[in-house]
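Enquirer: My structure is in query32.cif, and what it holds is mmCIF, C-alpha atoms:
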data_target
loop_
_atom_site.label_atom_id
_atom_site.label_comp_id
_atom_site.auth_asym_id
_atom_site.auth_seq_id
_atom_site.Cartn_x
_atom_site.Cartn_y
_atom_site.Cartn_z
CA MET Y 27 109.10 85.75 101.53
CA LYS Y 28 108.40 84.86 105.16
CA PHE Y 29 106.67 87.64 107.08
CA VAL Y 30 108.65 88.55 110.20
CA ASP Y 31 107.38 91.34 112.44
CA GLU Y 32 109.73 90.99 115.42
CA ALA Y 33 113.50 90.74 115.72
CA PHE Y 34 116.23 91.13 118.33
CA ILE Y 35 119.60 92.58 117.40
CA GLU Y 36 122.85 93.77 118.96
CA ILE Y 37 124.36 97.02 117.69
CA ALA Y 38 127.69 98.65 118.46
CA ALA Y 39 128.85 102.06 117.30
CA GLY Y 40 132.54 102.43 116.54
CA ASP Y 41 135.03 103.34 119.25
CA GLY Y 42 136.99 106.54 118.87
CA GLY Y 43 140.64 106.33 117.84
CA ASN Y 44 143.37 107.04 120.40
CA GLY Y 45 145.29 110.28 120.42
CA CYS Y 46 148.97 110.25 119.51
CA SER Y 47 151.95 111.41 121.53
CA SER Y 48 154.63 112.53 119.10
CA PHE Y 49 157.27 115.22 118.65
CA ARG Y 50 158.46 116.89 115.53
CA HIS Y 51 161.80 115.49 114.36
CA GLU Y 52 163.35 117.47 111.55
CA LYS Y 53 166.90 118.36 110.61
CA TYR Y 54 168.06 121.62 112.17
CA LYS Y 55 164.87 121.70 114.31
CA GLU Y 56 166.16 120.60 117.70
CA PHE Y 57 163.01 121.53 119.62
CA GLY Y 58 160.22 120.92 117.12
CA GLY Y 59 157.53 120.59 119.74
CA PRO Y 60 154.56 118.22 120.05
CA ASP Y 61 152.77 117.16 116.83
CA GLY Y 62 150.58 114.20 117.87
CA GLY Y 63 147.14 114.32 116.23
CA ASP Y 64 143.70 113.40 117.57
CA GLY Y 65 142.02 110.06 116.96
CA GLY Y 66 139.09 109.77 114.55
CA ARG Y 67 135.46 109.51 115.60
CA GLY Y 68 133.87 106.07 115.60
CA GLY Y 69 131.11 105.30 113.13
CA HIS Y 70 127.48 105.96 114.04
CA VAL Y 71 124.60 103.50 113.62
CA TYR Y 72 121.49 104.91 111.91
CA ALA Y 73 118.02 103.51 111.26
CA LEU Y 74 116.30 104.45 108.00
CA ALA Y 75 112.60 103.99 107.25
CA ASP Y 76 112.48 102.35 103.81
CA VAL Y 77 109.10 102.34 102.08
CA ASN Y 78 110.17 99.37 99.95
CA LEU Y 79 110.43 97.02 102.94
CA ASN Y 80 107.51 95.33 104.69
CA THR Y 81 109.18 92.74 106.91
CA LEU Y 82 112.06 92.39 109.38
CA VAL Y 83 113.28 89.12 107.90
CA ASP Y 84 116.72 90.64 107.14
CA PHE Y 85 117.34 90.86 110.89
CA ARG Y 86 116.19 87.36 111.78
CA TYR Y 87 119.50 85.70 110.89
CA THR Y 88 121.98 88.59 110.98
CA ARG Y 89 121.77 89.96 114.50
CA LYS Y 90 125.04 91.79 115.17
CA PHE Y 91 125.90 95.10 113.55
CA GLU Y 92 129.11 96.97 114.33
CA ALA Y 93 130.23 100.28 112.90
CA GLN Y 94 133.89 100.90 112.08
CA ARG Y 95 136.14 102.32 114.78
CA GLY Y 96 138.01 105.57 114.27
CA GLU Y 97 141.63 105.56 113.19
CA HIS Y 98 144.31 106.43 115.72
CA GLY Y 99 146.02 109.81 115.54
CA LYS Y 100 149.50 110.08 114.04
CA GLY Y 101 152.51 112.31 114.20
CA SER Y 102 153.10 115.33 111.96
CA ASP Y 103 149.78 116.82 113.09
CA MET Y 104 147.77 114.04 111.36
CA PHE Y 105 144.33 113.31 112.74
CA GLY Y 106 142.82 109.84 112.46
CA VAL Y 107 140.11 109.15 109.86
CA LYS Y 108 136.59 108.76 111.25
CA GLY Y 109 134.97 105.33 111.07
CA ASP Y 110 132.33 104.55 108.47
CA ASP Y 111 128.70 104.83 109.59
CA ILE Y 112 126.22 102.01 109.00
CA VAL Y 113 122.55 102.43 108.11
CA LEU Y 114 119.96 99.79 109.01
CA LYS Y 115 117.02 99.90 106.59
CA LEU Y 116 113.74 99.13 108.36
CA PRO Y 117 110.09 99.05 107.29
CA VAL Y 118 107.96 102.11 107.97
CA GLY Y 119 106.10 101.54 111.24
CA THR Y 120 108.96 99.86 113.11
CA ILE Y 121 109.21 100.44 116.85
CA ILE Y 122 112.71 100.17 118.36
CA SER Y 123 112.87 99.45 122.10
CA ASP Y 124 115.44 98.36 124.65
CA ALA Y 125 115.51 94.57 124.76
CA GLU Y 126 116.21 94.48 128.50
CA THR Y 127 113.92 97.16 129.92
CA GLY Y 128 111.25 97.27 127.20
CA GLU Y 129 111.49 101.07 127.01
CA VAL Y 130 110.48 102.41 123.61
CA LEU Y 131 113.42 104.37 122.19
CA PHE Y 132 112.47 105.27 118.62
CA GLU Y 133 109.61 104.98 116.15
CA LEU Y 134 109.92 105.15 112.37
CA LEU Y 135 106.63 106.58 111.16
CA GLN Y 136 107.59 108.62 108.07
CA PRO Y 137 109.06 107.21 104.83
CA GLY Y 138 112.68 108.25 104.47
CA GLU Y 139 113.01 109.18 108.15
CA GLN Y 140 116.53 108.58 109.48
CA ILE Y 141 117.43 108.55 113.17
CA LEU Y 142 120.63 108.01 115.13
CA ILE Y 143 120.27 104.90 117.31
CA ALA Y 144 123.91 104.49 118.49
CA LYS Y 145 126.50 107.26 118.64
CA GLY Y 146 130.13 106.59 117.77
CA GLY Y 147 132.79 107.41 120.34
CA ASP Y 148 134.77 110.63 120.03
CA GLY Y 149 138.45 110.43 119.20
CA GLY Y 150 141.09 110.91 121.89
CA PHE Y 151 143.31 114.02 122.06
CA GLY Y 152 146.90 113.99 120.86
CA ASN Y 153 149.66 115.68 122.84
CA MET Y 154 149.57 118.76 120.58
CA ARG Y 155 146.30 119.64 122.33
CA PHE Y 156 148.04 120.04 125.67
CA LYS Y 157 150.91 122.36 124.75
CA SER Y 158 150.95 125.71 126.50
CA ALA Y 159 153.33 128.47 127.45
CA ILE Y 160 154.36 126.63 130.60
CA ASN Y 161 154.16 123.11 129.19
CA ARG Y 162 156.18 123.21 126.00
CA ALA Y 163 156.68 119.46 125.63
CA PRO Y 164 153.57 117.62 126.86
CA ARG Y 165 153.62 113.85 126.64
CA HIS Y 166 150.01 113.44 127.66
CA LYS Y 167 147.45 111.92 125.32
CA THR Y 168 143.95 110.46 125.83
CA PRO Y 169 142.36 107.26 124.54
CA GLY Y 170 139.29 107.29 122.34
CA TRP Y 171 135.83 107.15 123.88
CA PRO Y 172 133.88 103.91 123.42
CA GLY Y 173 130.90 103.85 121.09
CA GLU Y 174 127.39 103.09 122.34
CA ARG Y 175 126.33 99.45 122.51
CA ARG Y 176 122.73 98.36 122.73
CA SER Y 177 120.53 95.29 122.71
CA LEU Y 178 117.41 96.21 120.76
CA LYS Y 179 114.02 94.72 120.09
CA MET Y 180 112.43 95.73 116.80
CA GLU Y 181 108.70 95.37 116.37
CA LEU Y 182 106.79 96.12 113.19
CA LYS Y 183 103.29 97.58 113.37
CA VAL Y 184 101.93 98.19 109.92
CA LEU Y 185 100.50 101.64 109.20
CA ALA Y 186 96.89 101.26 108.09
CA ASP Y 187 93.74 103.35 108.43
CA VAL Y 188 91.33 100.41 108.67
CA GLY Y 189 91.77 96.94 110.16
CA LEU Y 190 89.73 93.83 109.39
CA LEU Y 191 88.83 91.68 112.37
CA GLY Y 192 86.99 88.38 112.49
CA MET Y 193 87.01 84.60 112.71
CA PRO Y 194 88.89 82.48 110.19
CA ASN Y 195 86.88 82.04 106.96
CA ALA Y 196 84.73 85.10 107.69
CA GLY Y 197 85.65 86.50 104.27
CA LYS Y 198 88.22 89.12 105.27
CA SER Y 199 90.63 88.25 102.47
CA THR Y 200 87.81 88.24 99.93
CA LEU Y 201 86.71 91.66 101.17
CA ILE Y 202 90.16 93.26 100.96
CA ALA Y 203 90.58 91.79 97.47
CA ALA Y 204 87.18 93.19 96.43
CA ILE Y 205 87.77 96.78 97.59
CA SER Y 206 91.55 97.24 97.21
CA ASN Y 207 94.54 96.34 95.07
CA ALA Y 208 95.66 93.58 97.46
CA ARG Y 209 95.60 90.00 96.19
CA PRO Y 210 95.78 87.74 99.25
CA LYS Y 211 95.45 83.98 99.18
CA ILE Y 212 91.77 82.95 99.28
CA ALA Y 213 90.61 79.40 99.97
CA ASP Y 214 87.74 77.49 101.59
CA TYR Y 215 89.60 76.42 104.73
CA PRO Y 216 90.46 78.23 108.00
CA PHE Y 217 93.68 80.20 108.52
CA THR Y 218 94.27 80.80 104.83
CA THR Y 219 95.82 84.14 105.85
CA LEU Y 220 99.06 83.51 107.73
CA HIS Y 221 100.45 87.06 107.76
CA PRO Y 222 99.03 90.59 107.47
CA ASN Y 223 98.08 91.93 104.05
CA LEU Y 224 97.87 95.62 103.17
CA GLY Y 225 95.72 97.08 100.41
CA VAL Y 226 95.14 100.61 99.13
CA VAL Y 227 91.47 101.44 98.57
CA ARG Y 228 90.93 104.18 95.99
CA VAL Y 229 87.67 106.04 96.49
CA GLY Y 230 88.29 108.74 93.87
CA PRO Y 231 90.97 111.06 92.51
CA GLU Y 232 93.40 111.75 95.37
CA LYS Y 233 91.05 109.95 97.74
CA SER Y 234 92.30 106.71 99.25
CA PHE Y 235 92.95 104.85 102.47
CA VAL Y 236 94.90 101.76 103.56
CA VAL Y 237 93.22 98.63 104.90
CA ALA Y 238 94.97 95.78 106.78
CA ASP Y 239 93.84 92.15 106.86
CA VAL Y 240 95.28 90.05 109.71
CA PRO Y 241 94.95 86.30 110.36
CA GLY Y 242 91.68 85.22 111.91
CA LEU Y 243 91.23 85.35 115.68
CA ILE Y 244 89.47 82.55 117.56
CA GLU Y 245 88.28 82.07 121.11
CA GLY Y 246 91.13 81.19 123.44
CA ALA Y 247 93.72 83.12 121.47
CA SER Y 248 95.00 84.68 124.70
CA GLU Y 249 96.01 81.15 125.76
CA GLY Y 250 97.73 80.50 122.43
CA ALA Y 251 94.89 78.94 120.43
CA GLY Y 252 95.14 79.39 116.67
CA LEU Y 253 97.66 82.06 115.78
CA GLY Y 254 97.02 83.73 119.13
CA HIS Y 255 97.45 87.48 119.47
CA GLN Y 256 100.58 87.45 117.35
CA PHE Y 257 99.28 89.83 114.68
CA LEU Y 258 96.81 92.01 116.60
CA ARG Y 259 99.58 94.60 117.11
CA HIS Y 260 99.08 95.57 113.47
CA LEU Y 261 95.61 96.91 114.27
CA GLN Y 262 96.77 99.25 117.04
CA ARG Y 263 97.50 102.19 114.71
CA THR Y 264 94.26 101.99 112.74
CA HIS Y 265 91.47 104.55 113.01
CA LEU Y 266 88.65 102.05 112.50
CA LEU Y 267 88.03 98.32 112.93
CA LEU Y 268 85.68 96.36 110.69
CA HIS Y 269 84.35 93.27 112.44
CA VAL Y 270 83.56 90.89 109.58
CA ILE Y 271 80.87 88.29 110.41
CA ASP Y 272 80.12 85.11 108.46
CA MET Y 273 76.31 85.11 108.24
CA ALA Y 274 76.15 81.80 106.37
CA PRO Y 275 78.49 79.33 108.13
CA PHE Y 276 78.92 75.86 106.62
CA ASP Y 277 78.02 74.19 109.91
CA ASP Y 278 74.46 74.93 111.04
CA SER Y 279 75.48 74.39 114.67
CA ILE Y 280 77.76 77.45 114.59
CA ASP Y 281 76.22 80.56 116.13
CA PRO Y 282 77.58 83.78 114.50
CA VAL Y 283 76.55 85.80 117.56
CA ALA Y 284 78.57 83.61 119.93
CA GLN Y 285 81.58 83.81 117.62
CA ALA Y 286 81.31 87.59 117.37
CA LYS Y 287 81.10 87.99 121.15
CA ALA Y 288 84.12 85.70 121.57
CA ILE Y 289 86.15 87.92 119.22
CA VAL Y 290 85.17 91.03 121.16
CA GLY Y 291 86.16 89.32 124.41
CA GLU Y 292 89.59 88.35 123.06
CA LEU Y 293 90.09 91.90 121.79
CA LYS Y 294 89.41 93.28 125.27
CA LYS Y 295 91.84 90.82 126.85
CA TYR Y 296 94.60 91.84 124.44
CA ASP Y 297 94.44 95.63 124.62
CA LYS Y 298 91.80 97.93 126.17
CA ALA Y 299 92.81 100.78 123.83
CA LEU Y 300 92.27 98.54 120.80
CA TYR Y 301 88.93 97.41 122.23
CA ASP Y 302 87.83 101.06 122.60
CA LYS Y 303 88.53 101.94 118.95
CA PRO Y 304 85.51 102.57 116.69
CA ARG Y 305 84.27 99.18 115.52
CA TRP Y 306 81.69 98.58 112.79
CA LEU Y 307 79.86 95.35 112.06
CA VAL Y 308 80.15 94.06 108.50
CA LEU Y 309 77.72 91.18 107.90
CA ASN Y 310 79.23 89.18 105.06
CA LYS Y 311 78.10 86.32 102.78
CA LEU Y 312 74.50 87.53 102.67
CA ASP Y 313 74.34 86.40 99.03
CA MET Y 314 74.04 82.86 100.43
CA VAL Y 315 70.95 83.80 102.45
CA PRO Y 316 67.55 83.83 100.68
CA ALA Y 317 66.45 87.39 99.96
CA ASP Y 318 63.19 87.04 101.92
CA GLU Y 319 65.09 85.89 105.05
CA ARG Y 320 67.88 88.48 105.13
CA ALA Y 321 66.07 91.28 106.95
CA ALA Y 322 64.87 89.00 109.76
CA LEU Y 323 68.29 87.35 110.08
CA VAL Y 324 70.12 90.69 110.32
CA LYS Y 325 67.60 92.12 112.77
CA ASP Y 326 67.87 89.06 115.03
CA PHE Y 327 71.69 89.16 114.91
CA VAL Y 328 71.91 92.84 115.87
CA LYS Y 329 69.37 92.40 118.65
CA ARG Y 330 71.21 89.46 120.18
CA MET Y 331 74.56 91.26 119.88
CA ARG Y 332 73.08 94.34 121.58
CA TYR Y 333 75.04 96.44 119.14
CA LYS Y 334 74.27 100.13 118.68
CA GLY Y 335 76.84 101.16 116.05
CA PRO Y 336 76.82 101.10 112.24
CA VAL Y 337 75.90 97.81 110.55
CA PHE Y 338 76.65 97.03 106.90
CA GLU Y 339 75.17 94.18 104.90
CA ILE Y 340 77.50 93.03 102.14
CA SER Y 341 78.67 90.17 99.99
CA ALA Y 342 82.41 90.40 99.41
CA LEU Y 343 82.18 87.73 96.69
CA THR Y 344 79.59 89.58 94.57
CA ARG Y 345 80.69 93.02 95.88
CA GLU Y 346 77.14 93.84 96.88
CA GLY Y 347 77.15 96.72 99.38
CA CYS Y 348 80.94 97.17 99.17
CA GLU Y 349 80.84 100.55 97.42
CA GLN Y 350 78.62 102.10 100.10
CA LEU Y 351 80.87 100.65 102.80
CA VAL Y 352 83.99 102.12 101.18
CA HIS Y 353 82.52 105.64 100.99
CA LYS Y 354 81.35 105.52 104.62
CA ILE Y 355 84.81 104.40 105.72
CA TYR Y 356 86.50 107.21 103.80
CA ASP Y 357 84.17 109.85 105.29
CA HIS Y 358 84.92 108.53 108.79
CA ILE Y 359 88.69 108.59 108.23
CA VAL Y 360 88.61 112.14 106.84
CA ALA Y 361 86.59 113.31 109.85
CA THR Y 362 89.01 111.56 112.23
CA ARG Y 363 92.05 113.16 110.60
CA GLN Y 364 90.51 116.63 110.68
CA ALA Y 365 89.60 116.25 114.35
CA ALA Y 366 93.22 115.37 115.13
CA LEU Y 367 94.57 118.56 113.54
CA PRO Y 368 95.63 121.32 115.95
CA PRO Y 369 93.25 124.30 116.17
CA VAL Y 370 94.00 127.22 113.90
CA ASP Y 371 94.76 130.48 115.70
CA VAL Y 372 92.54 133.33 114.50
CA ASP Y 373 93.85 136.87 114.68
CA PRO Y 374 91.22 138.88 116.61
CA ARG Y 375 92.05 141.97 114.57
CA PHE Y 376 90.63 140.36 111.45
CA PRO Y 377 87.19 138.88 112.13
CA THR Y 378 86.27 135.92 109.95
CA ALA Y 379 83.73 136.42 107.24
CA ALA Y 380 80.20 135.36 108.05
#
Translate this structure into structure tokens?

Expert:
Amino acid sequence: MKFVDEAFIEIAAGDGGNGCSSFRHEKYKEFGGPDGGDGGRGGHVYALADVNLNTLVDFRYTRKFEAQRGEHGKGSDMFGVKGDDIVLKLPVGTIISDAETGEVLFELLQPGEQILIAKGGDGGFGNMRFKSAINRAPRHKTPGWPGERRSLKMELKVLADVGLLGMPNAGKSTLIAAISNARPKIADYPFTTLHPNLGVVRVGPEKSFVVADVPGLIEGASEGAGLGHQFLRHLQRTHLLLHVIDMAPFDDSIDPVAQAKAIVGELKKYDKALYDKPRWLVLNKLDMVPADERAALVKDFVKRMRYKGPVFEISALTREGCEQLVHKIYDHIVATRQAALPPVDVDPRFPTAA
């Protein structure tokens, strides 16, 4: 299935039914009075976060969605039937914004969450609503109210705890396959990954986190080189970025430090908030470097990068160093989640135990 993470649609809630102007006509009832009923409410349009979906491809070709209008009121005190609602099933992590202004309207962040995105119009009043002691035979009725109509842009940002960042062929797909249940396409040519992959990493019983692998980023992506910044949006909700570096490139003329700095520069151009996220260096493919040269190579790389954060030496192919990396990531995510929790109010009447 083609991965689609952006779509534009038109939605229209149902219009309300018109009220009815009618009078009771019955044998031996000369002045039966007004009996026109109200119109029915138009159908609403809802958005539902479906955990079984991971793409917006269903909205790439079908772009107009209209709910049913309400039925008109009738005589004999009969109200119109309300229009049927429609529910648009969207992947968890979808952002719904106004296509014209760009204003973010809704976000679907919880599985099963359902929100109203277009309200159906109310039904009009029939003439029975207007009868009174001084107006015994009203002929007035009102039309139904129109339903809301919107042009929407839907953008999918996958929900992951950790994002993999790096040049094409840095070994990101091999790494996510080594530590998680994801099985992405792996090959010995650039841009093997053409769409984001998600994998669940299980650290222990009831201990897990989600990692996202996006297509490789190259220098000049902001000008459209490679796949550009098309998929970097999927890293914006992560707690941690892993910058995967190929320490044994096929071409000896390639400088891993220059490539790494280019990636950091493109990240800063795209989004300052994404650039400021915690970012760890993961030096990959060290199994292809002679054991007696690894320490000097790593030390020289870190010195030239002028990097002060955590550095991990791994081989995604042989899984060397992957277990330690996974545990460090999980500890960081747990600490981040706990720091985000609101403070617990302590009752001063009951001092905490020492």

Enquirer: By how many Å are CA of Phe276 in chain Y and CA of Leu258 in chain Y apart?

Expert: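 About the pair CA of Phe276 in chain Y and CA of Leu258 in chain Y: they are 26.1 Å apart.
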
Enquirer: Just give me the gap between CA of Val315 in chain Y and CA of Val283 in chain Y in Å, one decimal is fine.

Expert: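 A separation of 16.2 Å between them.
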
Enquirer: May I ask which of the residues Y:Gly225, Y:Thr168, Y:Ala322, Y:Ile359 is the closest one to Leu267 in chain Y, counting all atoms listed in the file?

Expert: Y:Ile359

Enquirer: From (70.6, 89.0, 114.6), in the file's coordinates, out to 12 Å: which residues are reached, counting all atoms listed in the file? Answer as a PDB file with C-alpha atoms, in the coordinates of the input.

Expert:
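File part_15.pdb, as written:
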ATOM      1  CA  ILE Y 271      80.870  88.290 110.410  1.00  0.00           C
ATOM      2  CA  ASP Y 272      80.120  85.110 108.460  1.00  0.00           C
ATOM      3  CA  MET Y 273      76.310  85.110 108.240  1.00  0.00           C
ATOM      4  CA  ASP Y 281      76.220  80.560 116.130  1.00  0.00           C
ATOM      5  CA  PRO Y 282      77.580  83.780 114.500  1.00  0.00           C
ATOM      6  CA  VAL Y 283      76.550  85.800 117.560  1.00  0.00           C
ATOM      7  CA  ALA Y 284      78.570  83.610 119.930  1.00  0.00           C
ATOM      8  CA  ALA Y 286      81.310  87.590 117.370  1.00  0.00           C
ATOM      9  CA  LEU Y 307      79.860  95.350 112.060  1.00  0.00           C
ATOM     10  CA  LEU Y 309      77.720  91.180 107.900  1.00  0.00           C
ATOM     11  CA  GLU Y 319      65.090  85.890 105.050  1.00  0.00           C
ATOM     12  CA  ARG Y 320      67.880  88.480 105.130  1.00  0.00           C
ATOM     13  CA  ALA Y 321      66.070  91.280 106.950  1.00  0.00           C
ATOM     14  CA  ALA Y 322      64.870  89.000 109.760  1.00  0.00           C
ATOM     15  CA  LEU Y 323      68.290  87.350 110.080  1.00  0.00           C
ATOM     16  CA  VAL Y 324      70.120  90.690 110.320  1.00  0.00           C
ATOM     17  CA  LYS Y 325      67.600  92.120 112.770  1.00  0.00           C
ATOM     18  CA  ASP Y 326      67.870  89.060 115.030  1.00  0.00           C
ATOM     19  CA  PHE Y 327      71.690  89.160 114.910  1.00  0.00           C
ATOM     20  CA  VAL Y 328      71.910  92.840 115.870  1.00  0.00           C
ATOM     21  CA  LYS Y 329      69.370  92.400 118.650  1.00  0.00           C
ATOM     22  CA  ARG Y 330      71.210  89.460 120.180  1.00  0.00           C
ATOM     23  CA  MET Y 331      74.560  91.260 119.880  1.00  0.00           C
ATOM     24  CA  ARG Y 332      73.080  94.340 121.580  1.00  0.00           C
ATOM     25  CA  TYR Y 333      75.040  96.440 119.140  1.00  0.00           C
ATOM     26  CA  VAL Y 337      75.900  97.810 110.550  1.00  0.00           C
ATOM     27  CA  GLU Y 339      75.170  94.180 104.900  1.00  0.00           C
TER      28      GLU Y 339
END

Enquirer: Counting all atoms listed in the file, figure out which residue out of Y:Ile280, Y:Ala274, Y:Ala361, Y:Cys348 gets nearest to Val227 in chain Y.

Expert: Y:Cys348

Enquirer: With all atoms listed in the file as the basis for distance, which of Y:Gly59, Y:Gly146, Y:Gly43, Y:Pro374 is at the shortest distance from Pro169 in chain Y?

Expert: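 Distance minimum relative to Pro169 in chain Y lands on Y:Gly43.
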
Enquirer: Let me know the residues the PyMOL selection byres ((chain Y and resi 101) around 9) catches in the file above, as a PyMOL selection string.

Expert: chain Y and resi 46-50+60-63+99-100+102-105+152

Enquirer: For the point (117.4, 99.4, 110.5) in the file's frame, write as a list in words all residues with an atom no more than 6 Å away, counting all atoms listed in the file.

Expert: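 Output of the proximity query reads Ala73, Leu74, Leu114, Lys115 and Leu116 of chain Y.
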
Enquirer: Store the residues picked out above, limited to C-alpha atoms, as a compact mmCIF listing (two decimals), in the coordinates of the input.

Expert:
# COMPACT_ATOMS: atom_id res chain seq x y z
CA ALA Y 73 118.02 103.51 111.26
CA LEU Y 74 116.30 104.45 108.00
CA LEU Y 114 119.96 99.79 109.01
CA LYS Y 115 117.02 99.90 106.59
CA LEU Y 116 113.74 99.13 108.36

Enquirer: If I take CA of Ile143 in chain Y and CA of Leu79 in chain Y, how far is one from the other in Å, to one decimal?

Expert: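 Those two atoms sit 19.1 Å apart.
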
Enquirer: Neighbouring residues of Thr362 in chain Y were defined as those with any atom within 12 Å, considering only C-alpha atoms; residues of the same chain fewer than 3 positions away were excluded. Please report them as a PyMOL selection string.

Expert: chain Y and resi 187-188+264-266+303-304+355-359+365-367

Enquirer: Next, dump the selected residues to file, keeping only C-alpha atoms, as a PDB file, in the coordinates of the input.

Expert:
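Final output, saved to result.pdb:
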ATOM      1  CA  ASP Y 187      93.740 103.350 108.430  1.00  0.00           C
ATOM      2  CA  VAL Y 188      91.330 100.410 108.670  1.00  0.00           C
ATOM      3  CA  THR Y 264      94.260 101.990 112.740  1.00  0.00           C
ATOM      4  CA  HIS Y 265      91.470 104.550 113.010  1.00  0.00           C
ATOM      5  CA  LEU Y 266      88.650 102.050 112.500  1.00  0.00           C
ATOM      6  CA  LYS Y 303      88.530 101.940 118.950  1.00  0.00           C
ATOM      7  CA  PRO Y 304      85.510 102.570 116.690  1.00  0.00           C
ATOM      8  CA  ILE Y 355      84.810 104.400 105.720  1.00  0.00           C
ATOM      9  CA  TYR Y 356      86.500 107.210 103.800  1.00  0.00           C
ATOM     10  CA  ASP Y 357      84.170 109.850 105.290  1.00  0.00           C
ATOM     11  CA  HIS Y 358      84.920 108.530 108.790  1.00  0.00           C
ATOM     12  CA  ILE Y 359      88.690 108.590 108.230  1.00  0.00           C
ATOM     13  CA  ALA Y 365      89.600 116.250 114.350  1.00  0.00           C
ATOM     14  CA  ALA Y 366      93.220 115.370 115.130  1.00  0.00           C
ATOM     15  CA  LEU Y 367      94.570 118.560 113.540  1.00  0.00           C
TER      16      LEU Y 367
END

Enquirer: Which residues come within 10 Å of Asp302 in chain Y, counting only C-alpha atoms, excluding same-chain residues fewer than 5 positions away, as an mmCIF file with C-alpha atoms, in the frame of the given file?

Expert:
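Saved to around_36.cif:
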data_model
loop_
_atom_site.group_PDB
_atom_site.id
_atom_site.type_symbol
_atom_site.label_atom_id
_atom_site.label_comp_id
_atom_site.auth_asym_id
_atom_site.auth_seq_id
_atom_site.Cartn_x
_atom_site.Cartn_y
_atom_site.Cartn_z
ATOM 1 C CA LEU Y 293 90.090 91.900 121.790
ATOM 2 C CA LYS Y 294 89.410 93.280 125.270
ATOM 3 C CA ASP Y 297 94.440 95.630 124.620
#

Enquirer: Once the PyMOL selection byres ((chain Y and resi 66) around 12) is applied to the coordinates I shared, what remains selected? I want it as an mmCIF file with C-alpha atoms, in the frame of the given file.

Expert:
data_model
loop_
_atom_site.group_PDB
_atom_site.id
_atom_site.type_symbol
_atom_site.label_atom_id
_atom_site.label_comp_id
_atom_site.auth_asym_id
_atom_site.auth_seq_id
_atom_site.Cartn_x
_atom_site.Cartn_y
_atom_site.Cartn_z
ATOM 1 C CA GLY Y 40 132.540 102.430 116.540
ATOM 2 C CA ASP Y 41 135.030 103.340 119.250
ATOM 3 C CA GLY Y 42 136.990 106.540 118.870
ATOM 4 C CA GLY Y 43 140.640 106.330 117.840
ATOM 5 C CA ASN Y 44 143.370 107.040 120.400
ATOM 6 C CA GLY Y 45 145.290 110.280 120.420
ATOM 7 C CA CYS Y 46 148.970 110.250 119.510
ATOM 8 C CA GLY Y 63 147.140 114.320 116.230
ATOM 9 C CA ASP Y 64 143.700 113.400 117.570
ATOM 10 C CA GLY Y 65 142.020 110.060 116.960
ATOM 11 C CA ARG Y 67 135.460 109.510 115.600
ATOM 12 C CA GLY Y 68 133.870 106.070 115.600
ATOM 13 C CA GLY Y 69 131.110 105.300 113.130
ATOM 14 C CA GLN Y 94 133.890 100.900 112.080
ATOM 15 C CA ARG Y 95 136.140 102.320 114.780
ATOM 16 C CA GLY Y 96 138.010 105.570 114.270
ATOM 17 C CA GLU Y 97 141.630 105.560 113.190
ATOM 18 C CA HIS Y 98 144.310 106.430 115.720
ATOM 19 C CA GLY Y 99 146.020 109.810 115.540
ATOM 20 C CA LYS Y 100 149.500 110.080 114.040
ATOM 21 C CA MET Y 104 147.770 114.040 111.360
ATOM 22 C CA PHE Y 105 144.330 113.310 112.740
ATOM 23 C CA GLY Y 106 142.820 109.840 112.460
ATOM 24 C CA VAL Y 107 140.110 109.150 109.860
ATOM 25 C CA LYS Y 108 136.590 108.760 111.250
ATOM 26 C CA GLY Y 109 134.970 105.330 111.070
ATOM 27 C CA ASP Y 110 132.330 104.550 108.470
ATOM 28 C CA GLY Y 146 130.130 106.590 117.770
ATOM 29 C CA GLY Y 147 132.790 107.410 120.340
ATOM 30 C CA ASP Y 148 134.770 110.630 120.030
ATOM 31 C CA GLY Y 149 138.450 110.430 119.200
ATOM 32 C CA GLY Y 150 141.090 110.910 121.890
ATOM 33 C CA PHE Y 151 143.310 114.020 122.060
ATOM 34 C CA GLY Y 152 146.900 113.990 120.860
ATOM 35 C CA PRO Y 169 142.360 107.260 124.540
ATOM 36 C CA GLY Y 170 139.290 107.290 122.340
ATOM 37 C CA TRP Y 171 135.830 107.150 123.880
ATOM 38 C CA PRO Y 172 133.880 103.910 123.420
#

Enquirer: For Glu133 in chain Y, which of Y:Ala93, Y:Glu181, Y:Ala196, Y:Arg305 is the closest residue, counting all atoms listed in the file?

Expert: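 So, comparing all the options, the nearest one is Y:Glu181.
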
Enquirer: Work out where the centre of an axis-aligned box around every listed atom of range 186-192 of chain Y lies and how long its edges are once 4 Å is added on each side; give both in Å to one decimal as JSON.

Expert:
{"center_x": 91.9, "center_y": 95.9, "center_z": 110.3, "size_x": 17.9, "size_y": 23.0, "size_z": 12.4}

Enquirer: Run the PyMOL selection byres ((chain Y and resi 131) around 10) on the file and write out the hits as a list of chain:residue names.

Expert: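 On this input, the PyMOL selection byres ((chain Y and resi 131) around 10) captures Y:Ile121, Y:Ile122, Y:Ser123, Y:Asp124, Y:Gly128, Y:Glu129, Y:Val130, Y:Phe132, Y:Glu133, Y:Ile143, Y:Leu178, Y:Lys179.
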
Enquirer: Would you please work out which residue, of Y:Val229, Y:Val290, Y:Val237, Y:Val372, is nearest to Glu349 in chain Y when using all atoms listed in the file?

Expert: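 When distances to Glu349 in chain Y are compared using all atoms listed in the file, the smallest one comes from Y:Val229.
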
Enquirer: Just checking: using all atoms listed in the file, which residue out of Y:Asn80, Y:Asn161, Y:Ser341, Y:Ser279 ends up closest to Val308 in chain Y?

Expert: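 The answer is Y:Ser341, which sits nearest to Val308 in chain Y.
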